[in-house]
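Only one structure is covered here, and it is reproduced in the block below.
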Amino acid sequence: MGDERVEAMEIDAQQRQEVAAAVPDGFNADYLRIYYGKLFPYGDFFKWLAYGNDAKHPGCDQSYIGRRELSFTLENDIYLRFQSFDTAAELETSIKEKCPFKIDIGPVYSVDPAKRHAYAQSGNNVFVPVERELIFDIDISDYDDVRYCCSGADTCLDCWPLMTIVIKILDTSLRGDFGFNHILWVYSGRRGVHCWVCDSRARKLSNEQRSAIADYFRVYKGGENSLKKVSLTGPVLHPFLARSYTDVLKCFFEDKLLHSQQLFASEERCQKILELIPDENVASELHDKWQGNRRSSISKEDVNAARWEQLKTTLQSGKHKTQGLRRCVEEIVFSYTYPRLDMEVSKHMNHLLKAPFCIHPKTGRVCVPIDPNNCEDFDPTAVPTLSQLLGELNAAGMQIDSENGTSDFSERPFFNRC
Ligand SMILES: [Zn+2]
């Protein structure tokens with residue numbers, strides 16, 4: 001065979017591989033079956049949830065993992081609550097067989113949740129949750145009043161940094177203020193992030209203690225319809241809030257969000273910020289100034305920075321250094337950037353939370369862990385999808401075929417054309 005012919009064959013083989021490797025986007029039971037068959041990390045998943053109790057040493061609680069509730073959501077929204085497994089092999093068999101569209105993790109109960117009815121009949125009402133990771137659930141859809149690029153479940157690289165800020169603020173505080181070390185951050189697959197605090201101390205927290213921790217992070221007061229969502233009270237800011245502000249939120253607001261969301265670029269957006277200023281005279285003074293510079297030569301690029309500077313100067317000028325206005329600049333920054341937690345998820349032990357490595361049905365993306373130390377590098381649009389993974393499997397399969405020389409090339413469709 002001439003060199004040219006060999007070269008042509010190599011190129012064509014590569015093209016063929018690309019064509020065969022491409023799997024149409026989507027999410028369905030067939031795709032999922034291959035994912036659960038070949039890729040889901042059963043071993044690591046089980047090892048995590050066993051917390052060392054899967055070993056053989058005398059300190060192990062052999063019943064521990066079998067008392068953990070997993071919940072499966074099947075195709076057509078059929079829920080299978082209170083599933084439990086004693087071994088990784090059992091878990092693997094069940095997932096492969098049932099092919100759940102979603103897997104949720106619940107608490108560890110006092111008894112095997114699958115046998116809860118038998119215990120109830122025995123007269124002792126002993127079926128209670130006894131352990132559960134401290135969890136946090138943050139959805140970007142809760143930020144719709146402060147982002148203009150997307151809404152609802154949609155997200156893009158302009159608004160995703162709001163989630164990066166959540167990770168930075170919470171991770172630092174959970175480690176520094178609470179002394180937790182084993183913290184897992186997971187992309188929820190579409191619109192947010194989940195946090196699992198796995199330290200033994202965290203897993204044993206009561207509901208009351210969980211509520212207290214959730215409240216520690218809460219700066220949002222008032223109902224959904226109140227204009228002023230953040231109220232920073234007291235003569236000085238709590239050290240956690242002060243640190244969050246100076247180390248993270250202020251820079252993020254001024255260097256990124258202000259520009260990426262064009263926070264002062266329209267009358268309506270300006271009005272939203274002015275509503276956060278409790279003094280009407282100050283608000284209207286700023287409004288007049290902005291009306292003025294709308295006609296001035298400030299370019300569109302500069303309008304956000306210029307108006308923010310004017311707001312700060314006005315609020316912090318000697319004239320307005322009254323108690324009520326002193327915190328206003330900080331309150332505006334907090335309103336736009338501070339983590340918005342779903343409190344109820346964190347407060348109760350028996351709340352279910354989607355397991356890592358599930359596939360999100362709407363996006364087809366894998367719920368992958370996020371490294372908190374490099375969270376600004378995380379790009380939700382680059383997270384592998386189910387179809388990409390299947391494509392890689394196809395390509396790898398072909399690679400193995402050709403390496404083993406198991407296939408007769410002449411029988412493959414492409415080579416018949418040569
Ligand atoms: Zn966006």
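FYI, nothing fancy with the structure tokens labels: chains A, B, ... in order, residues from 1 per chain, ligands from 1 as they appear.
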
List all protein, DNA and RNA residues that have any atom at most 9 Å from ligand 1, counting only C-alpha atoms and all ligand atoms, and write the list as a count of residues only.
-> 13

Per-residue nearest contacts of stretch 305-354 of chain A to stretch 272-278 of chain A (10 Å; only C-alpha atoms) as a tab-separated table:
residue	atom	partner	partner_atom	distance
A:Trp308	CA	A:Ile273	CA	9.9
A:Leu311	CA	A:Leu274	CA	9.1
A:Leu315	CA	A:Ile277	CA	8.9
A:Gly324	CA	A:Pro278	CA	7.3
A:Leu325	CA	A:Pro278	CA	7.2
A:Arg327	CA	A:Ile277	CA	9.9
A:Cys328	CA	A:Ile277	CA	6.5
A:Val329	CA	A:Ile277	CA	8.8
A:Glu331	CA	A:Leu276	CA	8.0
A:Ile332	CA	A:Leu276	CA	6.8
A:Ser335	CA	A:Leu276	CA	8.9
A:Tyr336	CA	A:Ile273	CA	9.6

Please save C-alpha atoms of the selected residues as a PDB file, in the first residue's frame.
ATOM      1  CA  TRP A 308     -22.188  53.937  41.969  1.00  0.00           C
ATOM      2  CA  LEU A 311     -24.179  57.077  45.341  1.00  0.00           C
ATOM      3  CA  LEU A 315     -24.420  58.527  51.233  1.00  0.00           C
ATOM      4  CA  GLY A 324     -29.895  55.116  59.166  1.00  0.00           C
ATOM      5  CA  LEU A 325     -27.753  55.826  56.138  1.00  0.00           C
ATOM      6  CA  ARG A 327     -24.936  51.108  56.483  1.00  0.00           C
ATOM      7  CA  CYS A 328     -26.803  51.798  53.295  1.00  0.00           C
ATOM      8  CA  VAL A 329     -23.883  51.232  50.931  1.00  0.00           C
ATOM      9  CA  GLU A 331     -26.819  46.980  52.564  1.00  0.00           C
ATOM     10  CA  ILE A 332     -27.035  47.581  48.824  1.00  0.00           C
ATOM     11  CA  SER A 335     -28.763  42.873  48.713  1.00  0.00           C
ATOM     12  CA  TYR A 336     -27.159  42.189  45.356  1.00  0.00           C
TER      13      TYR A 336
END

Using only C-alpha atoms, which residues sit within 12 Å of A:Ala382 once same-chain residues fewer than 4 positions away are excluded, as JSON, numbers by chain?
-> {"A": [156, 157, 187, 189, 190, 363, 364, 365, 366, 368, 377, 378, 388]}

Among the residues of stretch 107-243 of chain A, find those DSSP assigns to helix (DSSP H, G or I) from the backbone and print them as an MDAnalysis selection string.
-> chainID A and resid 113:121 140:146 161:176 200:203 207:216 239:243

Written selection (C-alpha atoms) as a compact mmCIF listing (two decimals), in the first residue's frame:
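Printed below is result_14.txt as written:
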# COMPACT_ATOMS: atom_id res chain seq x y z
CA PRO A 113 -35.95 2.66 56.67
CA ALA A 114 -37.02 -0.16 54.36
CA LYS A 115 -38.24 -2.07 57.44
CA ARG A 116 -39.86 0.90 59.20
CA HIS A 117 -43.36 -0.62 59.12
CA ALA A 118 -42.22 -3.77 60.89
CA TYR A 119 -40.73 -1.65 63.66
CA ALA A 120 -43.88 0.46 63.89
CA GLN A 121 -45.97 -2.71 64.37
CA ILE A 140 -29.79 31.03 41.07
CA SER A 141 -33.52 31.46 40.38
CA ASP A 142 -33.70 33.13 43.81
CA TYR A 143 -31.57 35.95 42.39
CA ASP A 144 -33.96 37.01 39.64
CA ASP A 145 -34.43 40.49 41.09
CA VAL A 146 -30.70 41.22 40.85
CA PRO A 161 -20.41 34.13 39.56
CA LEU A 162 -23.22 34.79 42.09
CA MET A 163 -22.96 31.06 42.86
CA THR A 164 -19.16 31.30 43.09
CA ILE A 165 -19.65 33.95 45.77
CA VAL A 166 -21.95 31.62 47.72
CA ILE A 167 -19.21 28.98 47.77
CA LYS A 168 -16.54 31.46 48.85
CA ILE A 169 -18.58 32.98 51.67
CA LEU A 170 -20.04 29.76 53.08
CA ASP A 171 -16.97 27.60 52.69
CA THR A 172 -14.74 30.12 54.46
CA SER A 173 -17.18 30.50 57.33
CA LEU A 174 -18.01 26.80 57.73
CA ARG A 175 -14.29 26.09 58.07
CA GLY A 176 -13.16 29.20 59.92
CA SER A 200 -19.17 13.66 62.18
CA ARG A 201 -20.02 16.67 64.36
CA ALA A 202 -22.11 18.16 61.57
CA ARG A 203 -23.96 14.91 60.88
CA ASN A 207 -32.70 20.31 64.03
CA GLU A 208 -32.43 23.18 66.52
CA GLN A 209 -28.68 23.40 66.04
CA ARG A 210 -29.10 23.31 62.27
CA SER A 211 -31.60 26.17 62.47
CA ALA A 212 -29.14 28.17 64.56
CA ILE A 213 -26.41 27.71 61.95
CA ALA A 214 -28.78 28.61 59.12
CA ASP A 215 -29.77 31.76 61.04
CA TYR A 216 -26.12 32.67 61.45
CA PRO A 239 -17.21 40.00 62.22
CA PHE A 240 -18.41 37.34 59.77
CA LEU A 241 -20.42 39.88 57.80
CA ALA A 242 -17.67 42.52 57.99
CA ARG A 243 -15.12 40.01 56.69

Atom pair atom CA of A:Gln62 + atom CA of A:Gln83, distance 17.2 Å

What's the 12 Å shell around A:Gly26, counting only C-alpha atoms, without same-chain residues fewer than 6 positions away, as a PDB file with N, CA and C atoms, in the first residue's frame?
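File produced: result11.pdb:
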ATOM      1  N   LEU A  32     -29.357   6.745  30.073  1.00  0.00           N
ATOM      2  CA  LEU A  32     -29.114   6.638  31.512  1.00  0.00           C
ATOM      3  C   LEU A  32     -28.658   5.220  31.887  1.00  0.00           C
ATOM      4  N   ILE A 359     -27.731  12.794  36.901  1.00  0.00           N
ATOM      5  CA  ILE A 359     -27.772  13.567  35.663  1.00  0.00           C
ATOM      6  C   ILE A 359     -29.017  14.444  35.718  1.00  0.00           C
ATOM      7  N   HIS A 360     -28.853  15.732  35.434  1.00  0.00           N
ATOM      8  CA  HIS A 360     -30.039  16.592  35.448  1.00  0.00           C
ATOM      9  C   HIS A 360     -30.868  16.348  34.187  1.00  0.00           C
ATOM     10  N   PRO A 361     -32.147  15.984  34.341  1.00  0.00           N
ATOM     11  CA  PRO A 361     -32.954  15.613  33.169  1.00  0.00           C
ATOM     12  C   PRO A 361     -33.103  16.733  32.142  1.00  0.00           C
ATOM     13  N   LYS A 362     -33.128  17.987  32.585  1.00  0.00           N
ATOM     14  CA  LYS A 362     -33.353  19.094  31.645  1.00  0.00           C
ATOM     15  C   LYS A 362     -32.087  19.466  30.877  1.00  0.00           C
ATOM     16  N   THR A 363     -30.948  19.415  31.525  1.00  0.00           N
ATOM     17  CA  THR A 363     -29.710  19.843  30.861  1.00  0.00           C
ATOM     18  C   THR A 363     -28.879  18.649  30.399  1.00  0.00           C
ATOM     19  N   GLY A 364     -29.140  17.481  30.982  1.00  0.00           N
ATOM     20  CA  GLY A 364     -28.321  16.310  30.687  1.00  0.00           C
ATOM     21  C   GLY A 364     -26.937  16.389  31.314  1.00  0.00           C
ATOM     22  N   ARG A 365     -26.699  17.376  32.174  1.00  0.00           N
ATOM     23  CA  ARG A 365     -25.360  17.534  32.757  1.00  0.00           C
ATOM     24  C   ARG A 365     -25.202  16.726  34.046  1.00  0.00           C
ATOM     25  N   THR A 385     -22.035  16.510  29.497  1.00  0.00           N
ATOM     26  CA  THR A 385     -23.420  16.044  29.410  1.00  0.00           C
ATOM     27  C   THR A 385     -23.403  14.535  29.198  1.00  0.00           C
ATOM     28  N   LEU A 386     -24.560  13.956  29.444  1.00  0.00           N
ATOM     29  CA  LEU A 386     -24.730  12.521  29.270  1.00  0.00           C
ATOM     30  C   LEU A 386     -24.331  12.099  27.852  1.00  0.00           C
ATOM     31  N   SER A 387     -24.780  12.859  26.858  1.00  0.00           N
ATOM     32  CA  SER A 387     -24.495  12.457  25.474  1.00  0.00           C
ATOM     33  C   SER A 387     -23.003  12.590  25.157  1.00  0.00           C
ATOM     34  N   GLN A 388     -22.352  13.609  25.727  1.00  0.00           N
ATOM     35  CA  GLN A 388     -20.894  13.720  25.520  1.00  0.00           C
ATOM     36  C   GLN A 388     -20.180  12.511  26.109  1.00  0.00           C
ATOM     37  N   LEU A 389     -20.610  12.106  27.299  1.00  0.00           N
ATOM     38  CA  LEU A 389     -19.972  10.957  27.946  1.00  0.00           C
ATOM     39  C   LEU A 389     -20.168   9.682  27.114  1.00  0.00           C
ATOM     40  N   LEU A 390     -21.377   9.526  26.594  1.00  0.00           N
ATOM     41  CA  LEU A 390     -21.632   8.337  25.782  1.00  0.00           C
ATOM     42  C   LEU A 390     -20.798   8.378  24.505  1.00  0.00           C
TER      43      LEU A 390
END

Please measure the separation of atom CA of A:Val126 and atom CA of A:Asp112, giving the value in Å to one decimal.
-> 10.6 Å

Where in stretch 39-210 of chain A does DSSP assign strand (DSSP E or B), given as a ChimeraX atom specification?
-> /A:68-74,78-83,102-109,129-131,134-139,183-187,192-197
